[in-house]
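Structure below is model_9.cif: mmCIF, C-alpha atoms and all ligand atoms.
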```cif
data_query
loop_
_atom_site.label_atom_id
_atom_site.label_comp_id
_atom_site.auth_asym_id
_atom_site.auth_seq_id
_atom_site.Cartn_x
_atom_site.Cartn_y
_atom_site.Cartn_z
CA MET T 928 7.82 13.31 17.28
CA ALA T 929 4.15 13.01 17.98
CA THR T 930 0.98 11.00 17.84
CA LEU T 931 -1.68 11.81 15.25
CA ARG T 932 -5.38 11.30 15.76
CA ILE T 933 -7.91 11.96 13.00
CA SER T 934 -11.55 11.70 14.04
CA ASP T 935 -14.47 11.53 11.62
CA ILE T 936 -13.05 13.96 9.06
CA ARG T 937 -15.46 15.02 6.33
CA LYS T 938 -15.02 17.24 3.30
CA LYS T 939 -17.12 18.43 0.40
CA LEU T 940 -15.59 20.16 -2.61
CA GLY T 941 -17.65 21.59 -5.49
CA GLY T 942 -20.77 19.88 -4.08
CA ASN T 943 -19.12 16.42 -4.04
CA ASP T 944 -18.30 14.34 -1.00
CA ILE T 945 -14.51 14.03 -1.09
CA LEU T 946 -13.92 12.52 2.37
CA ASN T 947 -16.67 10.56 4.14
CA GLY T 948 -15.66 10.20 7.76
CA ILE T 949 -11.98 9.32 8.08
CA ASN T 950 -10.54 7.92 11.33
CA VAL T 951 -6.84 7.33 11.95
CA ASP T 952 -4.92 6.78 15.16
CA LEU T 953 -1.12 6.85 15.00
CA GLU T 954 1.39 6.18 17.75
CA ASP T 955 4.67 8.00 18.06
CA GLY T 956 7.02 6.64 15.38
CA ASP T 957 4.34 5.00 13.22
CA PHE T 958 4.71 5.11 9.45
CA LEU T 959 1.22 5.42 7.93
CA VAL T 960 0.76 5.00 4.20
CA LEU T 961 -2.45 6.35 2.65
CA LEU T 962 -2.86 4.06 -0.35
CA GLY T 963 -5.47 4.27 -3.07
CA PRO T 964 -6.17 5.04 -6.72
CA SER T 965 -5.92 8.55 -8.12
CA GLY T 966 -8.78 10.79 -6.99
CA CYS T 967 -9.73 8.85 -3.85
CA GLY T 968 -8.91 11.79 -1.55
CA LYS T 969 -5.39 11.04 -0.28
CA SER T 970 -3.91 14.46 -0.96
CA THR T 971 -6.99 16.21 0.39
CA LEU T 972 -6.60 14.32 3.66
CA LEU T 973 -2.86 14.99 3.84
CA ASN T 974 -3.44 18.68 3.13
CA MET T 975 -5.90 18.81 6.01
CA ILE T 976 -3.26 17.42 8.37
CA ALA T 977 -0.87 20.04 7.03
CA GLY T 978 -3.42 22.83 7.34
CA LEU T 979 -3.43 23.61 3.61
CA GLU T 980 -7.09 22.58 3.29
CA THR T 981 -9.97 23.45 5.62
CA ILE T 982 -11.91 20.77 7.49
CA ASP T 983 -15.74 20.71 7.17
CA SER T 984 -16.24 18.54 10.25
CA GLY T 985 -14.20 16.26 12.47
CA GLU T 986 -10.94 16.80 14.26
CA VAL T 987 -7.19 16.56 13.60
CA ARG T 988 -5.07 16.24 16.71
CA ILE T 989 -1.24 16.31 16.59
CA GLY T 990 0.17 15.28 19.96
CA ASP T 991 -2.33 16.57 22.51
CA ARG T 992 -3.31 19.63 20.49
CA VAL T 993 -6.34 19.98 18.19
CA VAL T 994 -4.95 21.77 15.14
CA ASN T 995 -8.11 22.36 13.05
CA ASN T 996 -7.66 26.10 13.35
CA VAL T 997 -3.87 26.25 13.73
CA HIS T 998 -1.94 27.91 10.89
CA PRO T 999 0.22 25.46 8.85
CA ARG T 1000 3.35 27.32 9.97
CA ASP T 1001 2.52 26.64 13.61
CA ARG T 1002 1.73 22.92 13.32
CA ASP T 1003 5.37 21.82 13.52
CA ILE T 1004 5.13 19.56 10.48
CA ALA T 1005 7.32 19.19 7.39
CA MET T 1006 5.98 18.24 3.99
CA VAL T 1007 7.66 16.72 0.93
CA PHE T 1008 5.78 16.88 -2.37
CA GLN T 1009 6.04 15.06 -5.66
CA SER T 1010 7.38 18.23 -7.28
CA TYR T 1011 10.50 19.20 -5.41
CA ALA T 1012 9.81 22.96 -5.40
CA LEU T 1013 13.44 23.87 -4.79
CA TYR T 1014 14.56 27.47 -5.21
CA PRO T 1015 16.45 27.39 -8.54
CA SER T 1016 18.77 30.30 -7.76
CA MET T 1017 19.92 28.95 -4.38
CA THR T 1018 22.58 26.34 -3.74
CA VAL T 1019 21.63 23.01 -2.22
CA ALA T 1020 22.97 24.16 1.15
CA LYS T 1021 20.91 27.34 1.02
CA ASN T 1022 17.79 25.46 -0.08
CA ILE T 1023 18.11 23.28 2.99
CA THR T 1024 18.89 25.99 5.53
CA PHE T 1025 16.68 28.76 4.17
CA GLY T 1026 13.71 27.81 6.34
CA LEU T 1027 15.88 27.70 9.47
CA GLN T 1028 17.32 31.10 8.66
CA ARG T 1029 13.85 32.56 8.27
CA ARG T 1030 12.94 31.18 11.67
CA GLY T 1031 15.90 33.05 13.13
CA ALA T 1032 18.32 30.14 13.68
CA SER T 1033 21.93 31.23 14.21
CA LYS T 1034 24.61 30.56 11.58
CA ALA T 1035 26.13 27.90 13.83
CA GLU T 1036 22.77 26.16 14.34
CA GLN T 1037 22.15 26.20 10.58
CA ALA T 1038 25.61 24.77 9.86
CA ALA T 1039 25.21 21.98 12.41
CA ALA T 1040 21.74 21.03 11.14
CA LEU T 1041 22.93 21.10 7.53
CA ASP T 1042 25.92 18.90 8.34
CA HIS T 1043 23.70 16.38 10.13
CA VAL T 1044 21.10 16.16 7.36
CA ALA T 1045 23.65 16.12 4.52
CA GLY T 1046 25.31 13.20 6.29
CA LEU T 1047 22.04 11.31 6.68
CA LEU T 1048 21.11 11.79 3.03
CA GLN T 1049 24.67 11.45 1.69
CA ILE T 1050 24.54 14.72 -0.22
CA LYS T 1051 27.64 16.45 1.21
CA PRO T 1052 29.37 16.59 -2.22
CA LEU T 1053 26.34 18.40 -3.68
CA LEU T 1054 25.97 21.25 -1.21
CA ASN T 1055 27.39 23.96 -3.48
CA ARG T 1056 25.46 22.96 -6.59
CA ARG T 1057 22.24 24.51 -7.80
CA PRO T 1058 19.07 22.42 -8.47
CA ALA T 1059 19.59 22.54 -12.28
CA GLN T 1060 22.89 20.68 -11.76
CA LEU T 1061 21.23 17.77 -9.96
CA SER T 1062 19.54 14.56 -11.15
CA GLY T 1063 15.89 13.88 -10.24
CA GLY T 1064 16.91 11.60 -7.40
CA GLN T 1065 19.37 14.13 -6.01
CA ARG T 1066 16.70 16.86 -6.11
CA GLN T 1067 14.32 14.61 -4.21
CA ARG T 1068 17.03 14.05 -1.59
CA VAL T 1069 17.48 17.81 -1.21
CA ALA T 1070 13.71 18.25 -0.85
CA MET T 1071 13.80 15.64 1.89
CA GLY T 1072 16.79 17.37 3.46
CA ARG T 1073 14.78 20.55 3.65
CA ALA T 1074 12.06 18.71 5.55
CA LEU T 1075 14.45 16.79 7.81
CA VAL T 1076 16.47 19.82 8.86
CA ARG T 1077 13.50 21.16 10.77
CA ASP T 1078 13.17 18.18 13.10
CA PRO T 1079 9.37 18.49 13.09
CA LYS T 1080 6.76 16.55 15.06
CA LEU T 1081 5.32 14.99 11.93
CA PHE T 1082 6.52 14.32 8.39
CA LEU T 1083 4.05 14.39 5.52
CA PHE T 1084 4.97 12.97 2.10
CA ASP T 1085 2.77 13.29 -0.98
CA GLU T 1086 3.85 10.83 -3.69
CA PRO T 1087 7.49 11.91 -3.32
CA LEU T 1088 8.87 9.25 -5.67
CA SER T 1089 6.34 9.41 -8.52
CA ASN T 1090 8.59 11.43 -10.80
CA LEU T 1091 11.53 9.05 -10.54
CA ASP T 1092 12.32 6.09 -12.77
CA ALA T 1093 11.80 2.58 -11.41
CA LYS T 1094 15.39 1.94 -10.31
CA LEU T 1095 15.75 5.25 -8.51
CA ARG T 1096 12.33 4.84 -6.93
CA GLY T 1097 13.51 1.56 -5.43
CA GLU T 1098 16.69 3.15 -4.11
CA MET T 1099 14.89 6.14 -2.59
CA ARG T 1100 12.35 3.80 -1.01
CA THR T 1101 15.17 2.05 0.80
CA GLU T 1102 16.60 5.44 1.77
CA ILE T 1103 13.30 6.62 3.27
CA LYS T 1104 12.91 3.35 5.15
CA ARG T 1105 16.45 3.65 6.54
CA LEU T 1106 15.76 7.24 7.61
CA HIS T 1107 12.63 6.17 9.41
CA GLN T 1108 14.47 3.34 11.15
CA ARG T 1109 17.18 5.74 12.24
CA LEU T 1110 15.06 8.73 13.25
CA GLY T 1111 11.89 6.99 14.43
CA SER T 1112 9.80 9.89 13.14
CA THR T 1113 6.02 9.79 12.80
CA ILE T 1114 5.23 9.83 9.08
CA VAL T 1115 2.13 10.03 6.88
CA TYR T 1116 2.97 9.05 3.33
CA VAL T 1117 0.62 9.20 0.34
CA THR T 1118 1.04 6.90 -2.64
CA HIS T 1119 -0.94 4.96 -5.25
CA ASP T 1120 1.92 2.42 -5.43
CA GLN T 1121 1.10 -0.70 -3.43
CA VAL T 1122 4.76 -1.78 -3.38
CA GLU T 1123 5.72 1.45 -1.60
CA ALA T 1124 2.90 0.86 0.84
CA MET T 1125 3.92 -2.72 1.59
CA THR T 1126 7.62 -1.95 1.97
CA LEU T 1127 7.47 1.30 3.94
CA ALA T 1128 4.40 1.24 6.13
CA SER T 1129 3.92 0.19 9.71
CA HIS T 1130 0.21 0.82 9.01
CA VAL T 1131 -1.69 1.14 5.74
CA ALA T 1132 -5.02 2.85 5.15
CA VAL T 1133 -6.43 1.62 1.84
CA MET T 1134 -8.76 4.32 0.48
CA LYS T 1135 -11.47 4.40 -2.17
CA ASN T 1136 -13.97 7.17 -2.91
CA GLY T 1137 -13.09 9.18 0.19
CA ALA T 1138 -13.42 6.29 2.64
CA ILE T 1139 -10.94 3.96 4.28
CA GLN T 1140 -11.62 0.41 3.09
CA GLN T 1141 -9.19 -1.24 5.49
CA TYR T 1142 -6.72 -0.03 8.09
CA GLY T 1143 -4.03 -2.30 9.44
CA GLU T 1144 -0.52 -3.66 9.21
CA PRO T 1145 0.66 -4.35 5.64
CA GLN T 1146 0.95 -8.12 6.07
CA GLN T 1147 -2.48 -8.34 7.66
CA ILE T 1148 -4.01 -6.41 4.75
CA TYR T 1149 -2.17 -8.63 2.29
CA GLU T 1150 -3.21 -11.87 3.93
CA ARG T 1151 -6.72 -10.97 5.07
CA PRO T 1152 -8.08 -8.28 2.75
CA ALA T 1153 -11.39 -6.90 3.99
CA ASN T 1154 -13.01 -6.86 0.57
CA MET T 1155 -12.35 -7.52 -3.11
CA PHE T 1156 -11.23 -3.95 -3.79
CA VAL T 1157 -8.44 -4.19 -1.22
CA ALA T 1158 -7.58 -7.73 -2.32
CA GLY T 1159 -7.23 -6.64 -5.93
CA PHE T 1160 -5.37 -3.40 -5.20
CA ILE T 1161 -2.57 -4.95 -3.16
CA GLY T 1162 -0.22 -7.48 -4.74
CA ALA T 1163 1.06 -7.88 -8.30
CA PRO T 1164 0.08 -9.88 -10.23
CA ALA T 1165 -3.27 -9.34 -8.54
CA MET T 1166 -5.16 -11.87 -6.45
CA ASN T 1167 -7.16 -14.30 -8.59
CA PHE T 1168 -10.94 -14.30 -8.08
CA VAL T 1169 -12.60 -17.60 -9.00
CA PRO T 1170 -16.40 -18.02 -8.93
CA CYS T 1171 -17.44 -21.07 -6.92
CA VAL T 1172 -20.36 -22.57 -5.02
CA LEU T 1173 -20.22 -23.46 -1.32
CA THR T 1174 -20.79 -27.20 -0.88
CA GLN T 1175 -20.20 -29.84 1.76
CA ASN T 1176 -18.35 -33.11 1.05
CA GLU T 1177 -19.13 -36.56 2.44
CA SER T 1178 -17.10 -35.85 5.56
CA GLY T 1179 -19.12 -32.71 6.19
CA GLN T 1180 -16.26 -30.33 5.30
CA TYR T 1181 -17.13 -27.07 3.57
CA CYS T 1182 -15.80 -26.94 0.01
CA ALA T 1183 -15.48 -24.36 -2.74
CA THR T 1184 -16.74 -26.14 -5.83
CA ILE T 1185 -15.63 -24.75 -9.17
CA THR T 1186 -17.32 -25.79 -12.42
CA GLN T 1187 -15.21 -25.79 -15.56
CA PRO T 1188 -17.16 -23.99 -18.32
CA ASP T 1189 -15.81 -26.10 -21.20
CA ASP T 1190 -17.06 -29.28 -19.59
CA LEU T 1191 -19.85 -28.68 -17.10
CA ARG T 1192 -19.42 -32.15 -15.66
CA THR T 1193 -15.92 -31.32 -14.46
CA LYS T 1194 -16.19 -30.04 -10.93
CA ILE T 1195 -13.20 -29.15 -8.82
CA GLU T 1196 -13.93 -29.47 -5.13
CA LEU T 1197 -11.51 -27.65 -2.81
CA VAL T 1198 -11.77 -28.17 0.96
CA LEU T 1199 -11.93 -24.79 2.73
CA PRO T 1200 -10.04 -24.02 5.97
CA THR T 1201 -13.24 -23.08 7.78
CA GLY T 1202 -12.27 -24.35 11.24
CA ASN T 1203 -15.34 -24.05 13.45
CA THR T 1204 -17.01 -21.37 11.34
CA ASP T 1205 -20.65 -22.14 10.63
CA LEU T 1206 -21.31 -21.39 6.96
CA SER T 1207 -24.44 -23.53 6.69
CA ALA T 1208 -26.59 -20.52 5.77
CA ARG T 1209 -24.46 -20.06 2.66
CA LEU T 1210 -24.54 -23.68 1.44
CA GLY T 1211 -25.42 -23.78 -2.25
CA THR T 1212 -24.79 -20.08 -2.80
CA ASP T 1213 -22.30 -18.46 -5.17
CA LEU T 1214 -19.06 -17.21 -3.62
CA ILE T 1215 -15.73 -15.87 -4.86
CA LEU T 1216 -12.59 -17.78 -3.99
CA GLY T 1217 -9.54 -15.47 -3.78
CA ILE T 1218 -6.10 -16.96 -4.26
CA ARG T 1219 -2.82 -15.10 -4.73
CA PRO T 1220 -0.52 -16.20 -7.59
CA GLU T 1221 2.04 -17.49 -5.07
CA GLY T 1222 -0.70 -19.48 -3.36
CA ILE T 1223 -0.75 -21.84 -6.34
CA THR T 1224 1.99 -24.44 -6.71
CA ARG T 1225 2.74 -27.41 -8.90
CA ALA T 1226 1.33 -30.45 -7.14
CA PRO T 1227 3.83 -33.21 -6.38
CA SER T 1228 3.25 -36.26 -8.57
CA GLY T 1229 0.87 -38.66 -6.89
CA ALA T 1230 -0.74 -35.86 -4.86
CA ASP T 1231 -4.26 -36.69 -3.79
CA ASP T 1232 -7.08 -34.63 -5.20
CA THR T 1233 -7.84 -32.41 -2.21
CA GLY T 1234 -6.85 -29.02 -3.47
CA SER T 1235 -5.14 -30.23 -6.62
CA PHE T 1236 -6.33 -30.65 -10.20
CA ASP T 1237 -5.01 -31.08 -13.75
CA LEU T 1238 -5.35 -28.18 -16.19
CA VAL T 1239 -3.88 -27.12 -19.52
CA VAL T 1240 -1.38 -24.27 -19.40
CA ASP T 1241 -2.55 -21.37 -21.54
CA VAL T 1242 0.31 -18.83 -21.39
CA VAL T 1243 3.79 -18.89 -19.83
CA GLU T 1244 5.40 -15.57 -18.83
CA PRO T 1245 8.95 -15.81 -17.44
CA THR T 1246 10.04 -12.82 -15.33
CA GLY T 1247 13.44 -14.15 -14.27
CA ALA T 1248 13.19 -15.34 -10.69
CA ASP T 1249 9.57 -16.51 -11.11
CA THR T 1250 7.46 -17.58 -14.05
CA MET T 1251 3.80 -16.62 -14.34
CA VAL T 1252 1.62 -19.43 -15.65
CA VAL T 1253 -1.87 -18.55 -16.86
CA PHE T 1254 -4.66 -21.11 -17.08
CA ASN T 1255 -8.47 -21.08 -17.14
CA LEU T 1256 -10.41 -22.04 -14.08
CA GLY T 1257 -14.16 -21.62 -13.59
CA SER T 1258 -14.44 -19.24 -16.59
CA LYS T 1259 -11.68 -17.03 -15.17
CA GLU T 1260 -8.09 -16.53 -16.21
CA VAL T 1261 -5.94 -17.50 -13.26
CA THR T 1262 -2.27 -16.65 -12.80
CA ALA T 1263 0.13 -18.80 -10.79
CA ARG T 1264 3.59 -17.62 -9.74
CA LEU T 1265 5.85 -20.66 -10.07
CA SER T 1266 9.50 -21.50 -9.94
CA PRO T 1267 10.83 -21.76 -13.54
CA LYS T 1268 11.83 -25.37 -12.90
CA ASP T 1269 8.18 -26.33 -12.24
CA VAL T 1270 6.79 -24.90 -15.46
CA VAL T 1271 5.59 -26.93 -18.46
CA PRO T 1272 5.20 -25.37 -21.94
CA ALA T 1273 1.92 -23.75 -23.01
CA GLY T 1274 -0.59 -26.28 -24.33
CA GLN T 1275 0.52 -29.04 -21.97
CA SER T 1276 -1.35 -30.20 -18.92
CA MET T 1277 0.01 -29.93 -15.40
CA ARG T 1278 -1.22 -30.63 -11.90
CA PHE T 1279 -1.82 -27.48 -9.84
CA GLN T 1280 -2.41 -27.23 -6.12
CA PHE T 1281 -3.92 -24.41 -4.07
CA LYS T 1282 -2.43 -23.63 -0.66
CA MET T 1283 -5.88 -23.75 0.89
CA ASN T 1284 -4.79 -22.19 4.20
CA GLU T 1285 -3.96 -19.00 2.21
CA VAL T 1286 -7.22 -18.55 0.31
CA SER T 1287 -9.78 -15.81 0.93
CA LEU T 1288 -13.53 -16.09 0.47
CA PHE T 1289 -15.74 -13.20 -0.63
CA ASP T 1290 -19.46 -12.55 -0.90
CA PRO T 1291 -20.10 -11.66 -4.58
CA ASP T 1292 -22.94 -9.26 -3.69
CA THR T 1293 -21.28 -7.17 -0.99
CA THR T 1294 -17.69 -8.01 -2.16
CA ASN T 1295 -16.82 -8.31 1.55
CA ARG T 1296 -14.55 -10.94 3.04
CA ILE T 1297 -16.19 -14.00 4.62
CA GLU T 1298 -14.19 -14.92 7.70
CA MET T 1299 -13.13 -18.54 8.08
CA GLY T 1300 -11.22 -20.52 10.62
CA GLU T 1301 -12.02 -18.70 13.83
N1 LIG S 1401 -11.07 22.26 -5.52
C1 LIG S 1401 -11.74 21.16 -5.83
N2 LIG S 1401 -13.03 21.21 -6.23
C2 LIG S 1401 -13.73 20.09 -6.54
N3 LIG S 1401 -13.21 18.87 -6.47
C3 LIG S 1401 -11.93 18.73 -6.09
C4 LIG S 1401 -11.13 19.86 -5.75
N4 LIG S 1401 -9.90 19.41 -5.42
C5 LIG S 1401 -9.94 18.07 -5.53
N5 LIG S 1401 -11.15 17.65 -5.94
C6 LIG S 1401 -11.59 16.27 -6.16
O1 LIG S 1401 -11.40 15.57 -4.95
C7 LIG S 1401 -11.08 14.23 -5.18
C8 LIG S 1401 -9.88 13.82 -4.37
O2 LIG S 1401 -8.74 14.51 -4.84
P1 LIG S 1401 -7.31 14.22 -4.23
O3 LIG S 1401 -7.36 14.34 -2.77
O4 LIG S 1401 -6.33 15.08 -4.96
O5 LIG S 1401 -7.09 12.68 -4.65
P2 LIG S 1401 -5.75 11.82 -4.65
O6 LIG S 1401 -4.67 12.57 -3.98
O7 LIG S 1401 -6.15 10.54 -3.95
O8 LIG S 1401 -5.47 11.53 -6.10
C9 LIG S 1401 -10.87 14.10 -6.68
O9 LIG S 1401 -12.01 13.49 -7.22
C10 LIG S 1401 -10.74 15.52 -7.15
O10 LIG S 1401 -11.24 15.65 -8.45
MG MG S 1402 -2.80 13.22 -4.74
#
```

Could you rewrite the structure in this file as structure tokens?
Amino acid sequence: MATLRISDIRKKLGGNDILNGINVDLEDGDFLVLLGPSGCGKSTLLNMIAGLETIDSGEVRIGDRVVNNVHPRDRDIAMVFQSYALYPSMTVAKNITFGLQRRGASKAEQAAALDHVAGLLQIKPLLNRRPAQLSGGQRQRVAMGRALVRDPKLFLFDEPLSNLDAKLRGEMRTEIKRLHQRLGSTIVYVTHDQVEAMTLASHVAVMKNGAIQQYGEPQQIYERPANMFVAGFIGAPAMNFVPCVLTQNESGQYCATITQPDDLRTKIELVLPTGNTDLSARLGTDLILGIRPEGITRAPSGADDTGSFDLVVDVVEPTGADTMVVFNLGSKEVTARLSPKDVVPAGQSMRFQFKMNEVSLFDPDTTNRIEMGE
């Protein structure tokens, strides 16, 4: 196991800036997920850690060693790819131990390592099969076994579950999490799937266009997204963005005031949890109020009007445990995640309430978060 420090990594490919100064600092046993849309530079960064891609400038340090010019073979890392790349003619056992054998491990060492890994991954009954006789999930387990058997300093995963169907992806996610809990390895894991990031990571780096948008613990990124890109990328259904104007009510509290487009006289005034923050310079300006679907509830009958308002339900989408209710607020479609028992049919009016201590506020020009409450 090892620490990983990435300092100001830059990369150009074909004349384009692919990575624009990446910094990462991992402790022993951290599980970092590089999360971002396709093409944002995740694999390029991972390949630089692995040594499969050269570094234009900056430094990669594994443990206390700078590895910029160290051959991949000598970095003591193991990598698992989206394509399993198993040797088709070899048995599962041979696929797992082949690397050890090439490194000169004895038969007894190979057998012991195989037994350990096959136990961890629960693939003992498969050891004599060949890859063609395995399901996708089983192949992915074998590919992981091949990485685990080496007991490396650092594990690198590049979208290892993308080829699996949804159910298997969920199962393998749990498996990877359990392995990490048991082994305490340091892991860098690439995915475009925000659910994988939220469930697996101790730290997430959200990337866009070769730059890290936000780096932090998953819950922190979920609750306090640094900008609208991060806010919209994490969470499904996505965070709602409602245009509003910053106002002050009679008691001097800062409010997000939303104007309903169908009736410009209807204004919804929501008191913001600004604490001691001075937002006076922004009074009267346009802002974006961010609220997650689960931050909207059905208001109890007789609720006062701070944070609650009556609106007509547009669409109702049951998903089983929760029901998504879509309505129109400030010229935007807004989705609430409600308990089925709280839902009224489409076309009827209901009283909604925002959990105002969970909202985010964004500057529409920069798209950056406006901090409140400190
Ligand atoms: N050899 C190359 N030459 C030019 N551009 C490349 C090359 N390899 C990758 N790219 C570009 O670099 C960007 C990042 O690619 P990649 O790291 O694979 O993204 P991700 O893994 O996040 O989907 C993409 O826009 C891709 O088109
Ligand atoms: Mg990739």

What's the 9 Å shell around segment 1152-1167 of chain T, counting only C-alpha atoms, without same-chain residues fewer than 2 positions away, as a ChimeraX atom specification? /T:963-964,1120-1122,1124-1125,1133-1135,1140-1141,1147-1150,1169,1216-1220,1251,1259-1264,1287,1289-1291,1293-1297

With all atoms listed in the file counted and 8 Å as the cut-off, give the residues of chain T in contact with ligand MG 1402 (chain S), each with its shortest interatomic distance in Å and the pair that gives it, as a tab-separated table.
```
residue	atom	partner	partner_atom	distance
T:Ser965	CA	S:MG1402	MG	6.6
T:Gly966	CA	S:MG1402	MG	6.8
T:Gly968	CA	S:MG1402	MG	7.0
T:Lys969	CA	S:MG1402	MG	5.6
T:Ser970	CA	S:MG1402	MG	4.1
T:Thr971	CA	S:MG1402	MG	7.3
T:Asp1085	CA	S:MG1402	MG	6.7
T:Glu1086	CA	S:MG1402	MG	7.1
T:Val1117	CA	S:MG1402	MG	7.3
T:Thr1118	CA	S:MG1402	MG	7.7
```

Which is closer to ligand LIG 1401 (chain S) than all the others in T:Ile989, T:Leu962, T:Ala977, T:Met1277, using only C-alpha atoms and all ligand atoms? T:Leu962

Identify, on the basis of all atoms listed in the file, every residue whose closest approach to segment 1035-1046 of chain T does not exceed 9 Å; exclude the query and any residue fewer than 3 positions from it along the same chain; express the result as a list in words.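 Neighbouring residues, sequence-local ones excluded: Ala1020, Ile1023, Thr1024, Phe1025, Leu1027, Gln1028, Ala1032, Gln1049, Ile1050, Lys1051, Pro1052, Leu1053, Leu1054, Val1069, Gly1072, Arg1073, Leu1075, Val1076 and Arg1077 of chain T.
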
Between atom CA of Ser1010 of chain T and atom CA of Arg1030 of chain T, what is the distance, to one decimal in Å? 23.6 Å

Counting all atoms listed in the file, write as a list in words all protein and nucleic acid residues lying at most 10 Å from (-7.3, 11.0, 15.1) in the file's frame.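 Those within range, by chain then number, are Thr930, Leu931, Arg932, Ile933, Ser934, Asp935, Ile936, Ile949, Asn950, Val951, Asp952, Leu953, Gly985, Glu986, Val987, Arg988, Ile989, Gly990 and Val993 of chain T.
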